[in-house]
>>> print(open('work.pdb').read())   # PDB, C-alpha atoms
ATOM      1  CA  MET D1349     146.538  51.316  82.331  1.00  0.00           C
ATOM      2  CA  LYS D1350     145.910  53.692  85.213  1.00  0.00           C
ATOM      3  CA  ARG D1351     146.652  57.403  84.867  1.00  0.00           C
ATOM      4  CA  ASP D1352     149.866  57.258  86.915  1.00  0.00           C
ATOM      5  CA  GLN D1353     151.062  54.280  84.868  1.00  0.00           C
ATOM      6  CA  ILE D1354     150.359  56.189  81.653  1.00  0.00           C
ATOM      7  CA  ASP D1355     152.299  59.178  83.023  1.00  0.00           C
ATOM      8  CA  ALA D1356     155.239  56.910  83.833  1.00  0.00           C
ATOM      9  CA  PHE D1357     155.133  55.205  80.417  1.00  0.00           C
ATOM     10  CA  CYS D1358     154.897  58.503  78.525  1.00  0.00           C
ATOM     11  CA  GLY D1359     157.543  60.229  80.618  1.00  0.00           C
ATOM     12  CA  CYS D1360     155.307  63.261  81.153  1.00  0.00           C
ATOM     13  CA  ARG D1361     152.475  64.243  83.447  1.00  0.00           C
ATOM     14  CA  GLU D1362     148.960  64.915  82.281  1.00  0.00           C
ATOM     15  CA  THR D1363     148.480  68.650  81.671  1.00  0.00           C
ATOM     16  CA  LEU D1364     145.644  70.795  82.990  1.00  0.00           C
ATOM     17  CA  TYR D1365     144.241  71.059  79.458  1.00  0.00           C
ATOM     18  CA  GLN D1366     144.155  67.273  79.133  1.00  0.00           C
ATOM     19  CA  ARG D1367     142.375  66.949  82.487  1.00  0.00           C
ATOM     20  CA  ILE D1368     139.814  69.575  81.484  1.00  0.00           C
ATOM     21  CA  ALA D1369     139.195  67.793  78.184  1.00  0.00           C
ATOM     22  CA  PHE D1370     138.813  64.501  80.061  1.00  0.00           C
ATOM     23  CA  PHE D1371     135.716  65.896  81.827  1.00  0.00           C
ATOM     24  CA  ALA D1372     134.553  68.534  79.324  1.00  0.00           C
ATOM     25  CA  ALA D1373     134.007  66.211  76.351  1.00  0.00           C
ATOM     26  CA  PRO D1374     131.464  63.977  78.128  1.00  0.00           C
ATOM     27  CA  ALA D1375     129.837  67.047  79.704  1.00  0.00           C
ATOM     28  CA  ILE D1376     129.341  68.628  76.276  1.00  0.00           C
ATOM     29  CA  LEU D1377     127.856  65.392  74.928  1.00  0.00           C
ATOM     30  CA  LEU D1378     125.598  65.135  77.969  1.00  0.00           C
ATOM     31  CA  ALA D1379     124.344  68.682  77.343  1.00  0.00           C
ATOM     32  CA  GLY D1380     123.304  67.636  73.829  1.00  0.00           C
ATOM     33  CA  ILE D1381     121.489  64.591  75.171  1.00  0.00           C
ATOM     34  CA  VAL D1382     119.669  66.723  77.737  1.00  0.00           C
ATOM     35  CA  TYR D1383     118.591  69.168  75.014  1.00  0.00           C
ATOM     36  CA  VAL D1384     117.234  66.374  72.810  1.00  0.00           C
ATOM     37  CA  ALA D1385     115.447  64.808  75.798  1.00  0.00           C
ATOM     38  CA  VAL D1386     113.832  68.090  76.847  1.00  0.00           C
ATOM     39  CA  ARG D1387     112.562  68.866  73.326  1.00  0.00           C
ATOM     40  CA  TYR D1388     111.679  65.265  72.388  1.00  0.00           C
ATOM     41  CA  ALA D1389     108.078  65.188  73.690  1.00  0.00           C
ATOM     42  CA  GLN D1390     107.238  68.492  71.936  1.00  0.00           C
ATOM     43  CA  LEU D1391     108.262  67.274  68.478  1.00  0.00           C
ATOM     44  CA  PRO D1392     105.895  65.748  65.931  1.00  0.00           C
ATOM     45  CA  ALA D1393     105.982  61.979  65.441  1.00  0.00           C
ATOM     46  CA  GLU D1394     107.389  62.360  61.913  1.00  0.00           C
ATOM     47  CA  ILE D1395     110.232  64.800  61.276  1.00  0.00           C
ATOM     48  CA  PRO D1396     112.499  65.623  58.324  1.00  0.00           C
ATOM     49  CA  SER D1397     115.464  63.269  58.355  1.00  0.00           C
ATOM     50  CA  HIS D1398     117.310  64.190  55.178  1.00  0.00           C
ATOM     51  CA  TYR D1399     117.787  67.290  53.035  1.00  0.00           C
ATOM     52  CA  ASN D1400     119.096  67.473  49.502  1.00  0.00           C
ATOM     53  CA  PHE D1401     121.741  69.953  48.370  1.00  0.00           C
ATOM     54  CA  TYR D1402     119.128  72.676  47.826  1.00  0.00           C
ATOM     55  CA  GLY D1403     117.794  72.416  51.389  1.00  0.00           C
ATOM     56  CA  GLU D1404     114.619  70.623  50.358  1.00  0.00           C
ATOM     57  CA  ILE D1405     113.368  67.760  52.486  1.00  0.00           C
ATOM     58  CA  ASP D1406     113.707  64.438  50.673  1.00  0.00           C
ATOM     59  CA  GLY D1407     113.298  62.034  53.577  1.00  0.00           C
ATOM     60  CA  TYR D1408     111.220  61.681  56.721  1.00  0.00           C
ATOM     61  CA  GLY D1409     111.698  59.546  59.798  1.00  0.00           C
ATOM     62  CA  SER D1410     110.414  59.137  63.307  1.00  0.00           C
ATOM     63  CA  ARG D1411     111.553  61.542  65.979  1.00  0.00           C
ATOM     64  CA  GLY D1412     113.550  58.644  67.447  1.00  0.00           C
ATOM     65  CA  THR D1413     116.132  59.232  64.723  1.00  0.00           C
ATOM     66  CA  LEU D1414     117.249  62.318  66.666  1.00  0.00           C
ATOM     67  CA  TRP D1415     118.996  59.983  69.119  1.00  0.00           C
ATOM     68  CA  ILE D1416     121.366  58.630  66.459  1.00  0.00           C
ATOM     69  CA  THR D1417     123.675  61.667  66.469  1.00  0.00           C
ATOM     70  CA  PRO D1418     124.220  61.841  70.270  1.00  0.00           C
ATOM     71  CA  VAL D1419     124.731  58.066  70.486  1.00  0.00           C
ATOM     72  CA  VAL D1420     127.336  58.108  67.704  1.00  0.00           C
ATOM     73  CA  GLY D1421     129.058  61.035  69.456  1.00  0.00           C
ATOM     74  CA  ILE D1422     129.211  59.050  72.704  1.00  0.00           C
ATOM     75  CA  LEU D1423     130.611  56.011  70.903  1.00  0.00           C
ATOM     76  CA  CYS D1424     133.308  58.119  69.202  1.00  0.00           C
ATOM     77  CA  ASP D1425     134.253  59.741  72.507  1.00  0.00           C
ATOM     78  CA  ALA D1426     134.353  56.363  74.268  1.00  0.00           C
ATOM     79  CA  LEU D1427     136.650  54.998  71.561  1.00  0.00           C
ATOM     80  CA  MET D1428     138.999  57.985  71.864  1.00  0.00           C
ATOM     81  CA  LEU D1429     138.970  57.641  75.654  1.00  0.00           C
ATOM     82  CA  ALA D1430     139.832  53.947  75.386  1.00  0.00           C
ATOM     83  CA  VAL D1431     142.700  54.727  73.006  1.00  0.00           C
ATOM     84  CA  SER D1432     144.075  57.267  75.482  1.00  0.00           C
ATOM     85  CA  PHE D1433     144.628  54.517  78.064  1.00  0.00           C
ATOM     86  CA  PHE D1434     146.969  52.498  75.824  1.00  0.00           C
ATOM     87  CA  PRO D1435     149.877  54.755  74.780  1.00  0.00           C
ATOM     88  CA  GLN D1436     151.964  51.794  73.637  1.00  0.00           C
ATOM     89  CA  THR D1437     149.522  51.328  70.724  1.00  0.00           C
ATOM     90  CA  TRP D1438     149.735  54.924  69.454  1.00  0.00           C
ATOM     91  CA  ASN D1439     151.190  55.314  65.997  1.00  0.00           C
ATOM     92  CA  VAL D1440     153.147  58.519  66.534  1.00  0.00           C
ATOM     93  CA  GLY D1441     154.756  58.784  63.110  1.00  0.00           C
ATOM     94  CA  THR D1442     158.305  59.084  64.402  1.00  0.00           C
ATOM     95  CA  SER D1443     160.811  57.005  66.279  1.00  0.00           C
ATOM     96  CA  VAL D1444     160.310  57.421  70.007  1.00  0.00           C
ATOM     97  CA  THR D1445     163.641  57.717  71.757  1.00  0.00           C
ATOM     98  CA  VAL D1446     164.690  58.463  75.305  1.00  0.00           C
ATOM     99  CA  PHE D1447     165.337  62.044  74.241  1.00  0.00           C
ATOM    100  CA  ASN D1448     161.995  62.807  72.568  1.00  0.00           C
ATOM    101  CA  ARG D1449     159.679  60.470  74.500  1.00  0.00           C
ATOM    102  CA  ALA D1450     158.103  63.084  76.797  1.00  0.00           C
ATOM    103  CA  LEU D1451     157.570  65.608  73.981  1.00  0.00           C
ATOM    104  CA  VAL D1452     156.085  63.079  71.553  1.00  0.00           C
ATOM    105  CA  TYR D1453     153.678  61.575  74.056  1.00  0.00           C
ATOM    106  CA  ARG D1454     152.654  64.968  75.457  1.00  0.00           C
ATOM    107  CA  ARG D1455     151.756  66.130  71.941  1.00  0.00           C
ATOM    108  CA  VAL D1456     149.835  62.944  71.195  1.00  0.00           C
ATOM    109  CA  ARG D1457     147.945  63.315  74.475  1.00  0.00           C
ATOM    110  CA  ASP D1458     147.102  66.890  73.468  1.00  0.00           C
ATOM    111  CA  LEU D1459     145.951  65.643  70.067  1.00  0.00           C
ATOM    112  CA  ILE D1460     143.641  63.096  71.685  1.00  0.00           C
ATOM    113  CA  ALA D1461     142.239  65.794  73.986  1.00  0.00           C
ATOM    114  CA  ASP D1462     141.691  68.063  70.951  1.00  0.00           C
ATOM    115  CA  MET D1463     139.956  65.281  69.053  1.00  0.00           C
ATOM    116  CA  ARG D1464     137.684  64.405  71.973  1.00  0.00           C
ATOM    117  CA  LEU D1465     136.632  68.038  72.400  1.00  0.00           C
ATOM    118  CA  SER D1466     136.140  68.566  68.657  1.00  0.00           C
ATOM    119  CA  ILE D1467     134.060  65.402  68.341  1.00  0.00           C
ATOM    120  CA  ALA D1468     131.930  66.404  71.326  1.00  0.00           C
ATOM    121  CA  VAL D1469     131.325  69.925  70.024  1.00  0.00           C
ATOM    122  CA  MET D1470     130.535  68.793  66.471  1.00  0.00           C
ATOM    123  CA  PHE D1471     128.147  66.003  67.441  1.00  0.00           C
ATOM    124  CA  THR D1472     126.419  68.118  70.091  1.00  0.00           C
ATOM    125  CA  ALA D1473     126.078  71.097  67.733  1.00  0.00           C
ATOM    126  CA  PHE D1474     124.590  68.878  65.049  1.00  0.00           C
ATOM    127  CA  ALA D1475     122.202  67.172  67.494  1.00  0.00           C
ATOM    128  CA  VAL D1476     121.007  70.546  68.804  1.00  0.00           C
ATOM    129  CA  TRP D1477     120.664  71.973  65.274  1.00  0.00           C
ATOM    130  CA  GLN D1478     118.801  68.873  64.093  1.00  0.00           C
ATOM    131  CA  THR D1479     116.437  68.938  67.081  1.00  0.00           C
ATOM    132  CA  ALA D1480     115.846  72.696  66.936  1.00  0.00           C
ATOM    133  CA  ASN D1481     114.938  72.526  63.236  1.00  0.00           C
ATOM    134  CA  ALA D1482     112.867  69.329  63.415  1.00  0.00           C
ATOM    135  CA  ASP D1483     109.534  71.126  63.780  1.00  0.00           C
ATOM    136  CA  LEU D1484     110.246  74.277  61.745  1.00  0.00           C
ATOM    137  CA  PRO D1485     108.257  74.968  58.579  1.00  0.00           C
ATOM    138  CA  VAL D1486     109.922  74.044  55.311  1.00  0.00           C
ATOM    139  CA  GLY D1487     111.333  76.734  53.044  1.00  0.00           C
ATOM    140  CA  ASN D1488     114.390  78.063  54.829  1.00  0.00           C
ATOM    141  CA  GLY D1489     116.688  75.260  53.695  1.00  0.00           C
ATOM    142  CA  ARG D1490     119.373  77.503  52.214  1.00  0.00           C
ATOM    143  CA  ALA D1491     119.790  79.470  55.446  1.00  0.00           C
ATOM    144  CA  ASP D1492     119.926  76.285  57.514  1.00  0.00           C
ATOM    145  CA  ARG D1493     122.512  74.731  55.197  1.00  0.00           C
ATOM    146  CA  LEU D1494     124.571  77.931  55.277  1.00  0.00           C
ATOM    147  CA  MET D1495     124.452  78.030  59.094  1.00  0.00           C
ATOM    148  CA  LEU D1496     125.548  74.395  59.371  1.00  0.00           C
ATOM    149  CA  HIS D1497     128.342  74.976  56.835  1.00  0.00           C
ATOM    150  CA  ARG D1498     129.635  78.001  58.763  1.00  0.00           C
ATOM    151  CA  ALA D1499     129.477  76.176  62.100  1.00  0.00           C
ATOM    152  CA  ALA D1500     131.425  73.222  60.704  1.00  0.00           C
ATOM    153  CA  ARG D1501     134.006  75.568  59.151  1.00  0.00           C
ATOM    154  CA  ALA D1502     134.451  77.414  62.442  1.00  0.00           C
ATOM    155  CA  VAL D1503     135.070  74.168  64.341  1.00  0.00           C
ATOM    156  CA  PHE D1504     137.563  72.853  61.789  1.00  0.00           C
ATOM    157  CA  CYS D1505     139.385  76.188  61.514  1.00  0.00           C
ATOM    158  CA  ALA D1506     139.615  76.528  65.296  1.00  0.00           C
ATOM    159  CA  ALA D1507     140.897  72.964  65.577  1.00  0.00           C
ATOM    160  CA  GLY D1508     143.474  73.643  62.859  1.00  0.00           C
ATOM    161  CA  ASN D1509     144.477  77.060  64.270  1.00  0.00           C
ATOM    162  CA  GLU D1510     143.555  78.664  60.955  1.00  0.00           C
ATOM    163  CA  LYS D1511     142.122  82.120  60.532  1.00  0.00           C
ATOM    164  CA  ILE D1512     138.323  81.951  60.564  1.00  0.00           C
ATOM    165  CA  LYS D1513     136.595  83.784  57.700  1.00  0.00           C
ATOM    166  CA  VAL D1514     132.882  83.276  58.347  1.00  0.00           C
TER     167      VAL D1514
END
>>> encode(input="work.pdb", output="structure tokens")
Amino acid sequence: MKRDQIDAFCGCRETLYQRIAFFAAPAILLAGIVYVAVRYAQLPAEIPSHYNFYGEIDGYGSRGTLWITPVVGILCDALMLAVSFFPQTWNVGTSVTVFNRALVYRRVRDLIADMRLSIAVMFTAFAVWQTANADLPVGNGRADRLMLHRAARAVFCAAGNEKIKV
């Protein structure tokens, strides 16, 4: 469906927030790809690819594995974008009536925008963190794990409108 057809089906117009998210999510993912591409040539051929719970490296891989995270982020965003074009397939969890149609679909469109932005931020943050730490000396695993844990908590708390205690 085209945007105007989706607006007509949903009974509400696309909000400014939804339009910003439409362009911001791919821009955020692109920024992560650019960062990986810029740093890629400077990294060693073999980099840590897996850490155990204690922050110790227990797996190595080629530097090409750094591309997995941005590619998965792009695929997730593309799937969410595709879903946004077919409102008749959305499982909204309530009966859609003439009276609540605009409200229900506006909230679901906001949810999709939130999910696209959250996915973009999480995958980009992880790709940047993974690339930035690929050539660091071993031994600071606890600090790295703590930083990643706090970043993930901040994203989930912000997405859930909870109070952040980092």
>>> residues_around(input="work.pdb", residues="D:Val1386", least_positions_apart="5", cutoff="12 Å", atoms="only C-alpha atoms", output="list in words")
Ala1379, Gly1380, Ile1381, Leu1391, Val1476, Thr1479 and Ala1480 of chain D
>>> write_last_selection(input="work.pdb", atoms="C-alpha atoms", output="compact mmCIF listing (two decimals), in the frame of the given file")
# COMPACT_ATOMS: atom_id res chain seq x y z
CA ALA D 1379 124.34 68.68 77.34
CA GLY D 1380 123.30 67.64 73.83
CA ILE D 1381 121.49 64.59 75.17
CA LEU D 1391 108.26 67.27 68.48
CA VAL D 1476 121.01 70.55 68.80
CA THR D 1479 116.44 68.94 67.08
CA ALA D 1480 115.85 72.70 66.94
>>> resolve_selection(input="work.pdb", expression="the PyMOL selection byres ((chain D and resi 1442-1459) around 9)", output="number ranges by chain")
D: 1358-1363, 1365-1366, 1432, 1435, 1438-1441, 1460-1464
>>> write_last_selection(input="work.pdb", atoms="C-alpha atoms", output="short mmCIF file (atom, residue, chain, number, x, y, z; two decimals), keeping the file's coordinate frame")
data_model
loop_
_atom_site.label_atom_id
_atom_site.label_comp_id
_atom_site.auth_asym_id
_atom_site.auth_seq_id
_atom_site.Cartn_x
_atom_site.Cartn_y
_atom_site.Cartn_z
CA CYS D 1358 154.90 58.50 78.53
CA GLY D 1359 157.54 60.23 80.62
CA CYS D 1360 155.31 63.26 81.15
CA ARG D 1361 152.48 64.24 83.45
CA GLU D 1362 148.96 64.92 82.28
CA THR D 1363 148.48 68.65 81.67
CA TYR D 1365 144.24 71.06 79.46
CA GLN D 1366 144.16 67.27 79.13
CA SER D 1432 144.07 57.27 75.48
CA PRO D 1435 149.88 54.76 74.78
CA TRP D 1438 149.74 54.92 69.45
CA ASN D 1439 151.19 55.31 66.00
CA VAL D 1440 153.15 58.52 66.53
CA GLY D 1441 154.76 58.78 63.11
CA ILE D 1460 143.64 63.10 71.68
CA ALA D 1461 142.24 65.79 73.99
CA ASP D 1462 141.69 68.06 70.95
CA MET D 1463 139.96 65.28 69.05
CA ARG D 1464 137.68 64.40 71.97
#
>>> closest_residue(input="work.pdb", among="D:His1398, D:Val1384, D:Gln1436, D:Arg1367", to="D:Ala1473", atoms="all atoms listed in the file")
D:Val1384
>>> atom_distance(input="work.pdb", atom1="atom CA of D:Ala1373", atom2="atom CA of D:Gln1478")
19.7 Å
>>> atom_distance(input="work.pdb", atom1="atom CA of D:Ala1375", atom2="atom CA of D:Val1419")
13.8 Å
>>> residues_around(input="work.pdb", residues="D:Thr1417", least_positions_apart="5", cutoff="8 Å", atoms="all atoms listed in the file", output="compact mmCIF listing (two decimals) with C-alpha atoms, in the frame of the given file")
# COMPACT_ATOMS: atom_id res chain seq x y z
CA PHE D 1471 128.15 66.00 67.44
CA THR D 1472 126.42 68.12 70.09
CA PHE D 1474 124.59 68.88 65.05
CA ALA D 1475 122.20 67.17 67.49
>>> closest_residue(input="work.pdb", among="D:Leu1364, D:Leu1414, D:Ile1376, D:Ile1422", to="D:Tyr1388", atoms="only C-alpha atoms")
D:Leu1414
>>> atom_distance(input="work.pdb", atom1="atom CA of D:Asp1406", atom2="atom CA of D:Val1420")
22.7 Å
>>> closest_residue(input="work.pdb", among="D:Leu1423, D:Ile1395, D:Val1469, D:Ala1430", to="D:Tyr1408", atoms="only C-alpha atoms")
D:Ile1395
>>> closest_residue(input="work.pdb", among="D:Ala1468, D:Ala1372, D:Ser1397, D:Leu1378", to="D:Cys1424", atoms="all atoms listed in the file")
D:Ala1468
>>> build_atoms(input="work.pdb", residues="stretch 1436-1453 of chain D", atoms="N, CA and C atoms", output="PDB file, in the frame of the given file")
ATOM      1  N   GLN D1436     151.043  52.654  74.377  1.00  0.00           N
ATOM      2  CA  GLN D1436     151.964  51.794  73.637  1.00  0.00           C
ATOM      3  C   GLN D1436     151.409  51.421  72.265  1.00  0.00           C
ATOM      4  N   THR D1437     150.115  51.644  72.027  1.00  0.00           N
ATOM      5  CA  THR D1437     149.522  51.328  70.724  1.00  0.00           C
ATOM      6  C   THR D1437     149.458  52.530  69.797  1.00  0.00           C
ATOM      7  N   TRP D1438     149.837  53.720  70.262  1.00  0.00           N
ATOM      8  CA  TRP D1438     149.735  54.924  69.454  1.00  0.00           C
ATOM      9  C   TRP D1438     150.757  54.893  68.325  1.00  0.00           C
ATOM     10  N   ASN D1439     150.303  55.191  67.140  1.00  0.00           N
ATOM     11  CA  ASN D1439     151.190  55.314  65.997  1.00  0.00           C
ATOM     12  C   ASN D1439     151.584  56.784  65.909  1.00  0.00           C
ATOM     13  N   VAL D1440     152.752  57.121  66.398  1.00  0.00           N
ATOM     14  CA  VAL D1440     153.147  58.519  66.534  1.00  0.00           C
ATOM     15  C   VAL D1440     153.840  59.087  65.303  1.00  0.00           C
ATOM     16  N   GLY D1441     154.181  58.279  64.344  1.00  0.00           N
ATOM     17  CA  GLY D1441     154.756  58.784  63.110  1.00  0.00           C
ATOM     18  C   GLY D1441     156.225  59.138  63.171  1.00  0.00           C
ATOM     19  N   THR D1442     156.873  58.834  64.262  1.00  0.00           N
ATOM     20  CA  THR D1442     158.305  59.084  64.402  1.00  0.00           C
ATOM     21  C   THR D1442     158.886  58.035  65.341  1.00  0.00           C
ATOM     22  N   SER D1443     160.168  57.917  65.339  1.00  0.00           N
ATOM     23  CA  SER D1443     160.811  57.005  66.279  1.00  0.00           C
ATOM     24  C   SER D1443     160.816  57.640  67.658  1.00  0.00           C
ATOM     25  N   VAL D1444     160.324  56.918  68.636  1.00  0.00           N
ATOM     26  CA  VAL D1444     160.310  57.421  70.007  1.00  0.00           C
ATOM     27  C   VAL D1444     161.612  56.993  70.667  1.00  0.00           C
ATOM     28  N   THR D1445     162.369  57.983  71.096  1.00  0.00           N
ATOM     29  CA  THR D1445     163.641  57.717  71.757  1.00  0.00           C
ATOM     30  C   THR D1445     163.573  58.227  73.188  1.00  0.00           C
ATOM     31  N   VAL D1446     164.611  57.972  73.933  1.00  0.00           N
ATOM     32  CA  VAL D1446     164.690  58.463  75.305  1.00  0.00           C
ATOM     33  C   VAL D1446     164.664  59.990  75.318  1.00  0.00           C
ATOM     34  N   PHE D1447     165.216  60.589  74.296  1.00  0.00           N
ATOM     35  CA  PHE D1447     165.337  62.044  74.241  1.00  0.00           C
ATOM     36  C   PHE D1447     164.028  62.758  73.866  1.00  0.00           C
ATOM     37  N   ASN D1448     163.212  62.133  73.016  1.00  0.00           N
ATOM     38  CA  ASN D1448     161.995  62.807  72.568  1.00  0.00           C
ATOM     39  C   ASN D1448     160.708  62.206  73.138  1.00  0.00           C
ATOM     40  N   ARG D1449     160.828  61.205  73.977  1.00  0.00           N
ATOM     41  CA  ARG D1449     159.679  60.470  74.500  1.00  0.00           C
ATOM     42  C   ARG D1449     158.633  61.380  75.145  1.00  0.00           C
ATOM     43  N   ALA D1450     159.050  62.226  76.074  1.00  0.00           N
ATOM     44  CA  ALA D1450     158.103  63.084  76.797  1.00  0.00           C
ATOM     45  C   ALA D1450     157.403  64.050  75.840  1.00  0.00           C
ATOM     46  N   LEU D1451     158.152  64.658  74.929  1.00  0.00           N
ATOM     47  CA  LEU D1451     157.570  65.608  73.981  1.00  0.00           C
ATOM     48  C   LEU D1451     156.567  64.925  73.046  1.00  0.00           C
ATOM     49  N   VAL D1452     156.957  63.792  72.491  1.00  0.00           N
ATOM     50  CA  VAL D1452     156.085  63.079  71.553  1.00  0.00           C
ATOM     51  C   VAL D1452     154.785  62.672  72.238  1.00  0.00           C
ATOM     52  N   TYR D1453     154.889  62.056  73.392  1.00  0.00           N
ATOM     53  CA  TYR D1453     153.678  61.575  74.056  1.00  0.00           C
ATOM     54  C   TYR D1453     152.824  62.723  74.597  1.00  0.00           C
TER      55      TYR D1453
END
